[in-house]
$ cat upload_20.cif   # mmCIF, N, CA and C atoms and all ligand atoms
data_upload
#
loop_
_atom_site.label_atom_id
_atom_site.label_comp_id
_atom_site.auth_asym_id
_atom_site.auth_seq_id
_atom_site.Cartn_x
_atom_site.Cartn_y
_atom_site.Cartn_z
N MET A 1 0.84 -1.20 0.00
CA MET A 1 0.00 0.00 0.00
C MET A 1 0.87 1.24 0.00
N GLU A 2 0.56 2.17 -0.87
CA GLU A 2 1.35 3.39 -0.95
C GLU A 2 1.02 4.31 0.21
N ARG A 3 2.06 4.82 0.83
CA ARG A 3 1.85 5.78 1.92
C ARG A 3 2.22 7.16 1.43
N VAL A 4 1.44 8.15 1.89
CA VAL A 4 1.72 9.52 1.43
C VAL A 4 1.87 10.45 2.63
N CYS A 5 2.57 11.53 2.42
CA CYS A 5 2.78 12.56 3.44
C CYS A 5 1.43 13.15 3.84
N LEU A 6 1.19 13.24 5.14
CA LEU A 6 -0.10 13.75 5.62
C LEU A 6 -0.29 15.22 5.28
N ASP A 7 0.81 15.92 4.99
CA ASP A 7 0.67 17.33 4.68
C ASP A 7 0.57 17.59 3.18
N CYS A 8 1.55 17.13 2.43
CA CYS A 8 1.58 17.50 1.01
C CYS A 8 1.14 16.37 0.09
N GLY A 9 1.00 15.17 0.63
CA GLY A 9 0.53 14.08 -0.20
C GLY A 9 1.60 13.40 -1.03
N ALA A 10 2.86 13.81 -0.84
CA ALA A 10 3.95 13.18 -1.60
C ALA A 10 4.14 11.73 -1.14
N ARG A 11 4.59 10.89 -2.05
CA ARG A 11 4.85 9.50 -1.69
C ARG A 11 5.91 9.41 -0.62
N LEU A 12 5.69 8.52 0.35
CA LEU A 12 6.66 8.34 1.43
C LEU A 12 7.49 7.10 1.17
N LEU A 13 8.81 7.24 1.33
CA LEU A 13 9.71 6.11 1.21
C LEU A 13 10.36 5.88 2.55
N GLY A 14 10.84 4.65 2.78
CA GLY A 14 11.56 4.40 4.03
C GLY A 14 10.68 3.83 5.12
N ARG A 15 10.93 4.24 6.36
CA ARG A 15 10.28 3.63 7.51
C ARG A 15 8.75 3.62 7.38
N SER A 16 8.17 2.50 7.83
CA SER A 16 6.72 2.35 7.62
C SER A 16 5.92 3.22 8.58
N ASP A 17 6.55 3.76 9.66
CA ASP A 17 5.80 4.61 10.57
C ASP A 17 5.95 6.09 10.22
N LYS A 18 6.61 6.37 9.12
CA LYS A 18 6.79 7.76 8.69
C LYS A 18 5.46 8.35 8.26
N LYS A 19 5.19 9.57 8.69
CA LYS A 19 3.94 10.23 8.31
C LYS A 19 4.14 11.45 7.43
N PHE A 20 5.37 11.97 7.44
CA PHE A 20 5.63 13.20 6.69
C PHE A 20 6.89 13.03 5.86
N CYS A 21 6.95 13.77 4.76
CA CYS A 21 8.12 13.67 3.89
C CYS A 21 9.26 14.54 4.40
N SER A 22 8.94 15.52 5.26
CA SER A 22 9.98 16.45 5.72
C SER A 22 9.57 17.09 7.04
N ASP A 23 10.53 17.71 7.71
CA ASP A 23 10.22 18.44 8.93
C ASP A 23 9.28 19.60 8.63
N GLN A 24 9.50 20.21 7.47
CA GLN A 24 8.63 21.33 7.06
C GLN A 24 7.17 20.88 7.02
N CYS A 25 6.91 19.71 6.42
CA CYS A 25 5.54 19.20 6.32
C CYS A 25 4.99 18.84 7.69
N ARG A 26 5.84 18.27 8.54
CA ARG A 26 5.39 17.95 9.90
C ARG A 26 4.97 19.23 10.62
N ASN A 27 5.79 20.29 10.48
CA ASN A 27 5.46 21.56 11.13
C ASN A 27 4.17 22.17 10.56
N ASN A 28 4.05 22.16 9.25
CA ASN A 28 2.82 22.68 8.62
C ASN A 28 1.59 21.99 9.19
N PHE A 29 1.69 20.65 9.21
CA PHE A 29 0.55 19.85 9.65
C PHE A 29 0.19 20.17 11.10
N ASN A 30 1.19 20.18 11.98
CA ASN A 30 0.93 20.42 13.40
C ASN A 30 0.44 21.85 13.66
N ASN A 31 0.99 22.80 12.92
CA ASN A 31 0.52 24.19 13.08
C ASN A 31 -0.95 24.31 12.69
N ARG A 32 -1.30 23.64 11.61
CA ARG A 32 -2.69 23.71 11.15
C ARG A 32 -3.61 23.07 12.18
N LEU A 33 -3.18 21.95 12.72
CA LEU A 33 -3.96 21.26 13.74
C LEU A 33 -4.17 22.17 14.95
N ASN A 34 -3.10 22.80 15.42
CA ASN A 34 -3.21 23.69 16.58
C ASN A 34 -4.13 24.86 16.28
N ARG A 35 -4.00 25.40 15.06
CA ARG A 35 -4.82 26.55 14.70
C ARG A 35 -6.30 26.16 14.74
N ASP A 36 -6.62 24.98 14.20
CA ASP A 36 -8.01 24.54 14.19
C ASP A 36 -8.54 24.34 15.61
N GLN A 37 -7.70 23.75 16.46
CA GLN A 37 -8.13 23.55 17.85
C GLN A 37 -8.30 24.88 18.55
N ASN A 38 -7.40 25.83 18.28
CA ASN A 38 -7.53 27.15 18.89
C ASN A 38 -8.79 27.85 18.41
N ASN A 39 -9.11 27.68 17.12
CA ASN A 39 -10.34 28.27 16.59
C ASN A 39 -11.55 27.70 17.28
N TYR A 40 -11.52 26.43 17.53
CA TYR A 40 -12.65 25.78 18.21
C TYR A 40 -12.85 26.39 19.59
N VAL A 41 -11.77 26.48 20.34
CA VAL A 41 -11.85 27.05 21.69
C VAL A 41 -12.31 28.50 21.61
N ARG A 42 -11.77 29.25 20.66
CA ARG A 42 -12.13 30.65 20.51
C ARG A 42 -13.63 30.81 20.21
N ASN A 43 -14.13 29.95 19.32
CA ASN A 43 -15.55 30.04 18.95
C ASN A 43 -16.48 29.68 20.11
N VAL A 44 -16.11 28.63 20.84
CA VAL A 44 -16.94 28.24 21.99
C VAL A 44 -16.91 29.34 23.05
N HIS A 45 -15.73 29.87 23.27
CA HIS A 45 -15.60 30.91 24.28
C HIS A 45 -16.39 32.15 23.89
N ALA A 46 -16.37 32.49 22.61
CA ALA A 46 -17.14 33.65 22.13
C ALA A 46 -18.62 33.44 22.39
N GLN A 47 -19.10 32.20 22.15
CA GLN A 47 -20.52 31.93 22.38
C GLN A 47 -20.85 31.99 23.87
N LEU A 48 -19.95 31.49 24.71
CA LEU A 48 -20.18 31.56 26.15
C LEU A 48 -20.23 33.01 26.62
N ARG A 49 -19.35 33.84 26.09
CA ARG A 49 -19.36 35.26 26.47
C ARG A 49 -20.64 35.93 26.00
N ARG A 50 -21.10 35.57 24.78
CA ARG A 50 -22.34 36.13 24.26
C ARG A 50 -23.50 35.71 25.17
N ASN A 51 -23.54 34.43 25.52
CA ASN A 51 -24.60 33.94 26.41
C ASN A 51 -24.59 34.69 27.73
N ARG A 52 -23.41 34.86 28.29
CA ARG A 52 -23.31 35.56 29.57
C ARG A 52 -23.80 36.99 29.42
N ARG A 53 -23.44 37.63 28.33
CA ARG A 53 -23.84 39.02 28.09
C ARG A 53 -25.37 39.13 28.01
N VAL A 54 -26.00 38.19 27.32
CA VAL A 54 -27.46 38.19 27.19
C VAL A 54 -28.10 38.06 28.57
N LEU A 55 -27.64 37.10 29.35
CA LEU A 55 -28.20 36.89 30.69
C LEU A 55 -27.94 38.10 31.58
N ALA A 56 -26.73 38.63 31.51
CA ALA A 56 -26.36 39.76 32.36
C ALA A 56 -27.20 41.00 32.03
N ASP A 57 -27.37 41.29 30.75
CA ASP A 57 -28.15 42.47 30.34
C ASP A 57 -29.59 42.34 30.82
N LEU A 58 -30.18 41.16 30.61
CA LEU A 58 -31.57 40.95 31.03
C LEU A 58 -31.71 41.06 32.54
N TYR A 59 -30.78 40.38 33.23
CA TYR A 59 -30.84 40.38 34.70
C TYR A 59 -30.67 41.79 35.24
N ASP A 60 -29.69 42.50 34.72
CA ASP A 60 -29.42 43.85 35.22
C ASP A 60 -30.55 44.82 34.87
N ASP A 61 -31.34 44.50 33.85
CA ASP A 61 -32.52 45.31 33.53
C ASP A 61 -33.72 44.94 34.39
N GLY A 62 -33.53 44.00 35.29
CA GLY A 62 -34.59 43.65 36.22
C GLY A 62 -35.47 42.48 35.81
N HIS A 63 -35.13 41.85 34.67
CA HIS A 63 -35.93 40.70 34.24
C HIS A 63 -35.60 39.47 35.09
N ARG A 64 -36.62 38.72 35.47
CA ARG A 64 -36.38 37.49 36.23
C ARG A 64 -37.06 36.29 35.58
N ARG A 65 -38.10 36.54 34.80
CA ARG A 65 -38.82 35.45 34.16
C ARG A 65 -39.05 35.84 32.71
N LEU A 66 -38.60 34.96 31.82
CA LEU A 66 -38.66 35.29 30.40
C LEU A 66 -39.05 34.08 29.56
N HIS A 67 -39.57 34.37 28.39
CA HIS A 67 -39.80 33.31 27.41
C HIS A 67 -38.46 32.94 26.78
N ARG A 68 -38.27 31.65 26.51
CA ARG A 68 -37.02 31.21 25.89
C ARG A 68 -36.71 31.97 24.60
N ASP A 69 -37.77 32.25 23.83
CA ASP A 69 -37.57 32.92 22.55
C ASP A 69 -36.92 34.29 22.71
N ALA A 70 -37.18 34.93 23.86
CA ALA A 70 -36.58 36.24 24.09
C ALA A 70 -35.06 36.12 24.16
N LEU A 71 -34.57 35.05 24.77
CA LEU A 71 -33.12 34.84 24.84
C LEU A 71 -32.56 34.48 23.46
N ILE A 72 -33.27 33.60 22.78
CA ILE A 72 -32.80 33.18 21.46
C ILE A 72 -32.72 34.37 20.51
N ALA A 73 -33.73 35.26 20.61
CA ALA A 73 -33.75 36.45 19.75
C ALA A 73 -32.54 37.34 20.02
N LEU A 74 -32.00 37.25 21.22
CA LEU A 74 -30.83 38.07 21.57
C LEU A 74 -29.51 37.36 21.29
N GLY A 75 -29.60 36.17 20.69
CA GLY A 75 -28.38 35.46 20.32
C GLY A 75 -27.95 34.40 21.32
N TYR A 76 -28.84 34.10 22.28
CA TYR A 76 -28.49 33.07 23.26
C TYR A 76 -28.52 31.70 22.62
N ASN A 77 -27.54 30.87 22.95
CA ASN A 77 -27.47 29.51 22.44
C ASN A 77 -27.50 28.55 23.62
N PHE A 78 -28.60 27.80 23.74
CA PHE A 78 -28.81 26.93 24.90
C PHE A 78 -27.85 25.75 24.97
N THR A 79 -27.11 25.52 23.88
CA THR A 79 -26.17 24.40 23.88
C THR A 79 -24.96 24.68 24.77
N PHE A 80 -24.64 25.96 24.93
CA PHE A 80 -23.39 26.30 25.61
C PHE A 80 -23.62 26.91 26.99
N PHE A 81 -23.02 26.32 28.00
CA PHE A 81 -23.09 26.85 29.36
C PHE A 81 -21.83 26.40 30.09
N THR A 82 -21.56 27.00 31.24
CA THR A 82 -20.31 26.66 31.93
C THR A 82 -20.49 25.55 32.96
N HIS A 83 -21.62 25.54 33.67
CA HIS A 83 -21.81 24.50 34.66
C HIS A 83 -23.27 24.38 35.07
N LEU A 84 -23.58 23.25 35.70
CA LEU A 84 -24.93 22.99 36.20
C LEU A 84 -24.89 22.89 37.71
N VAL A 85 -25.91 23.41 38.37
CA VAL A 85 -26.06 23.21 39.81
C VAL A 85 -27.44 22.62 40.04
N GLU A 86 -27.48 21.46 40.69
CA GLU A 86 -28.75 20.83 40.95
C GLU A 86 -29.04 20.86 42.44
N THR A 87 -30.21 21.37 42.81
CA THR A 87 -30.57 21.43 44.23
C THR A 87 -31.09 20.08 44.69
N LEU A 88 -31.23 19.94 46.00
CA LEU A 88 -31.75 18.68 46.55
C LEU A 88 -33.14 18.38 46.02
N GLU A 89 -33.89 19.43 45.72
CA GLU A 89 -35.25 19.24 45.19
C GLU A 89 -35.23 18.83 43.72
N GLY A 90 -34.04 18.77 43.15
CA GLY A 90 -33.95 18.34 41.76
C GLY A 90 -34.10 19.47 40.76
N VAL A 91 -34.05 20.70 41.26
CA VAL A 91 -34.11 21.83 40.33
C VAL A 91 -32.73 22.05 39.75
N ARG A 92 -32.65 22.13 38.45
CA ARG A 92 -31.37 22.24 37.79
C ARG A 92 -31.15 23.66 37.25
N TRP A 93 -30.09 24.29 37.75
CA TRP A 93 -29.71 25.62 37.28
C TRP A 93 -28.56 25.50 36.30
N SER A 94 -28.71 26.14 35.17
CA SER A 94 -27.71 26.12 34.12
C SER A 94 -27.03 27.48 34.08
N TYR A 95 -25.71 27.50 34.25
CA TYR A 95 -24.99 28.77 34.36
C TYR A 95 -24.09 29.06 33.17
N CYS A 96 -23.99 30.37 32.87
CA CYS A 96 -22.91 30.89 32.04
C CYS A 96 -22.13 31.82 32.95
N PHE A 97 -21.07 31.29 33.52
CA PHE A 97 -20.31 32.01 34.54
C PHE A 97 -21.23 32.30 35.72
N GLU A 98 -21.38 33.58 36.16
CA GLU A 98 -22.16 33.81 37.37
C GLU A 98 -23.66 33.96 37.10
N TYR A 99 -24.07 34.00 35.83
CA TYR A 99 -25.49 34.14 35.52
C TYR A 99 -26.08 32.78 35.13
N GLY A 100 -27.24 32.49 35.68
CA GLY A 100 -27.84 31.20 35.39
C GLY A 100 -29.34 31.30 35.25
N PHE A 101 -29.92 30.18 34.89
CA PHE A 101 -31.38 30.12 34.78
C PHE A 101 -31.84 28.70 35.03
N ARG A 102 -33.11 28.58 35.33
CA ARG A 102 -33.73 27.26 35.38
C ARG A 102 -34.95 27.30 34.48
N GLU A 103 -35.33 26.14 34.00
CA GLU A 103 -36.51 26.07 33.15
C GLU A 103 -37.75 26.08 34.02
N GLU A 104 -38.71 26.85 33.57
CA GLU A 104 -40.00 26.91 34.24
C GLU A 104 -41.03 26.47 33.23
N GLY A 105 -41.28 25.18 33.21
CA GLY A 105 -42.12 24.66 32.14
C GLY A 105 -41.31 24.62 30.86
N PRO A 106 -41.96 24.26 29.77
CA PRO A 106 -41.23 24.08 28.51
C PRO A 106 -40.83 25.39 27.84
N GLU A 107 -41.46 26.51 28.23
CA GLU A 107 -41.25 27.73 27.46
C GLU A 107 -40.57 28.85 28.22
N TYR A 108 -40.68 28.82 29.55
CA TYR A 108 -40.16 29.96 30.31
C TYR A 108 -38.92 29.60 31.10
N ILE A 109 -38.12 30.61 31.37
CA ILE A 109 -36.95 30.43 32.21
C ILE A 109 -36.93 31.51 33.29
N GLU A 110 -36.31 31.14 34.39
CA GLU A 110 -36.17 32.07 35.50
C GLU A 110 -34.70 32.38 35.67
N LEU A 111 -34.37 33.67 35.73
CA LEU A 111 -32.96 34.09 35.80
C LEU A 111 -32.46 34.14 37.23
N HIS A 112 -31.16 33.97 37.36
CA HIS A 112 -30.53 34.03 38.68
C HIS A 112 -29.08 34.48 38.51
N LYS A 113 -28.61 35.21 39.50
CA LYS A 113 -27.19 35.58 39.51
C LYS A 113 -26.55 35.02 40.77
N SER A 114 -25.48 34.29 40.58
CA SER A 114 -24.77 33.71 41.72
C SER A 114 -23.82 34.74 42.29
N ASP A 115 -23.78 34.85 43.61
CA ASP A 115 -22.86 35.83 44.20
C ASP A 115 -21.65 35.17 44.82
N SER A 116 -21.47 33.88 44.56
CA SER A 116 -20.28 33.21 45.09
C SER A 116 -19.63 32.40 43.99
N TYR A 117 -18.33 32.22 44.12
CA TYR A 117 -17.64 31.37 43.17
C TYR A 117 -18.09 29.93 43.37
N LEU A 118 -17.99 29.18 42.31
CA LEU A 118 -18.37 27.78 42.37
C LEU A 118 -17.42 27.04 43.30
N GLU A 119 -17.99 26.37 44.30
CA GLU A 119 -17.17 25.57 45.19
C GLU A 119 -16.82 24.27 44.49
N PRO A 120 -15.64 23.76 44.78
CA PRO A 120 -15.30 22.45 44.20
C PRO A 120 -16.31 21.41 44.68
N ALA A 121 -16.67 20.50 43.80
CA ALA A 121 -17.65 19.47 44.16
C ALA A 121 -17.10 18.60 45.27
N SER A 122 -17.92 18.31 46.26
CA SER A 122 -17.50 17.38 47.30
C SER A 122 -18.66 16.43 47.58
N GLY A 123 -18.33 15.16 47.77
CA GLY A 123 -19.36 14.13 47.86
C GLY A 123 -20.37 14.37 48.97
N GLY A 124 -21.63 14.19 48.69
CA GLY A 124 -22.66 14.21 49.70
C GLY A 124 -23.06 15.59 50.19
N GLU A 125 -22.32 16.60 49.78
CA GLU A 125 -22.66 17.94 50.28
C GLU A 125 -23.84 18.50 49.50
N GLN A 126 -24.67 19.19 50.21
CA GLN A 126 -25.88 19.75 49.60
C GLN A 126 -25.51 20.90 48.66
N ALA A 127 -26.09 20.87 47.48
CA ALA A 127 -25.88 21.98 46.57
C ALA A 127 -26.55 23.22 47.16
N GLU A 128 -25.84 24.32 47.07
CA GLU A 128 -26.39 25.54 47.65
C GLU A 128 -27.58 26.02 46.82
N GLU A 129 -28.65 26.28 47.51
CA GLU A 129 -29.84 26.72 46.80
C GLU A 129 -29.75 28.21 46.52
N PRO A 130 -29.95 28.59 45.29
CA PRO A 130 -29.84 30.02 44.98
C PRO A 130 -30.92 30.82 45.72
N GLU A 131 -30.54 31.98 46.20
CA GLU A 131 -31.52 32.87 46.83
C GLU A 131 -32.21 33.68 45.75
N LEU A 132 -33.52 33.70 45.82
CA LEU A 132 -34.25 34.42 44.76
C LEU A 132 -35.07 35.54 45.33
ZN ZN B 201 5.19 16.45 2.61
#
$ encode --input "upload_20.cif" --output "structure tokens"
Amino acid sequence: MERVCLDCGARLLGRSDKKFCSDQCRNNFNNRLNRDQNNYVRNVHAQLRRNRRVLADLYDDGHRRLHRDALIALGYNFTFFTHLVETLEGVRWSYCFEYGFREEGPEYIELHKSDSYLEPASGGEQAEEPEL
């Protein structure tokens, strides 16, 4: 089976574990890989910041209960959040940094702002219930 350089596609001769025809091609390939991974992180982070901004603006304007569509219209993406906090009662709060919400039925959400940093998880300890 013919083996080719992962970067330029040139035929590879010699050792069967060789992946690149030259150091230059190895560097090109690895740089591209890093760039793609950095882009991924950058894009996710941008969406998280956007989500936080949407929640922060609404919360700071005094909103506490909203229709999901209102968030979506502002660019909120429900796929991205930083962490979940579940209370003993089974209420699940989804956070983007210090701003979070819980679902209230299928259409509405209730906003919350956490005033403490997230404590490291420890077994059996009760999740702190947000004050509303
Ligand atoms: Zn090559």
$ residues_near_ligand --input "upload_20.cif" --ligand "ligand ZN 201 (chain B)" --cutoff "7 Å" --atoms "all atoms listed in the file" --output "list in words"
Val4, Cys5, Leu6, Asp7, Cys8, Gly9, Ala10, Phe20, Cys21, Ser22, Gln24, Cys25 and Arg26 of chain A
$ select_by_dssp --input "upload_20.cif" --residues "segment 48-81 of chain A" --states "alpha helix (DSSP H)" --output "PyMOL selection string"
chain A and resi 48-60+68-73
$ atom_distance --input "upload_20.cif" --atom1 "atom CA of Phe80 of chain A" --atom2 "atom CA of Arg68 of chain A"
14.5 Å
$ select_by_dssp --input "upload_20.cif" --residues "chain A" --states "strand (DSSP E)" --output "list in words"
Arg65, Leu66, His67, His83, Leu84, Val85, Glu86, Arg92, Trp93, Ser94, Tyr95, Cys96, Tyr99, Gly100, Phe101, Arg102, Glu103, Glu104, Tyr108, Ile109, Glu110, Leu111, His112 and Lys113 of chain A
$ atom_distance --input "upload_20.cif" --atom1 "atom N of Thr82 of chain A" --atom2 "atom C of Arg32 of chain A"
26.5 Å
$ axis_aligned_box --input "upload_20.cif" --around "segment 84-94 of chain A" --padding-each-side "3 Å" --output "lines of an AutoDock Vina configuration file"
center_x = -29.4
center_y = 22.9
center_z = 40.3
size_x = 17.7
size_y = 15.1
size_z = 18.5
$ atom_distance --input "upload_20.cif" --atom1 "atom N of Ala46 of chain A" --atom2 "atom C of His67 of chain A"
22.5 Å
$ residues_around --input "upload_20.cif" --residues "segment 53-64 of chain A" --least-positions-apart "3" --cutoff "6 Å" --atoms "all atoms listed in the file" --output "list in words"
Leu48, Arg49, Arg50, Ile109, Glu110 and Leu111 of chain A
$ residues_around --input "upload_20.cif" --residues "Asn77 of chain A" --least-positions-apart "2" --cutoff "8 Å" --atoms "all atoms listed in the file" --output "PyMOL selection string"
chain A and resi 47-48+50-52+71-75+79-81
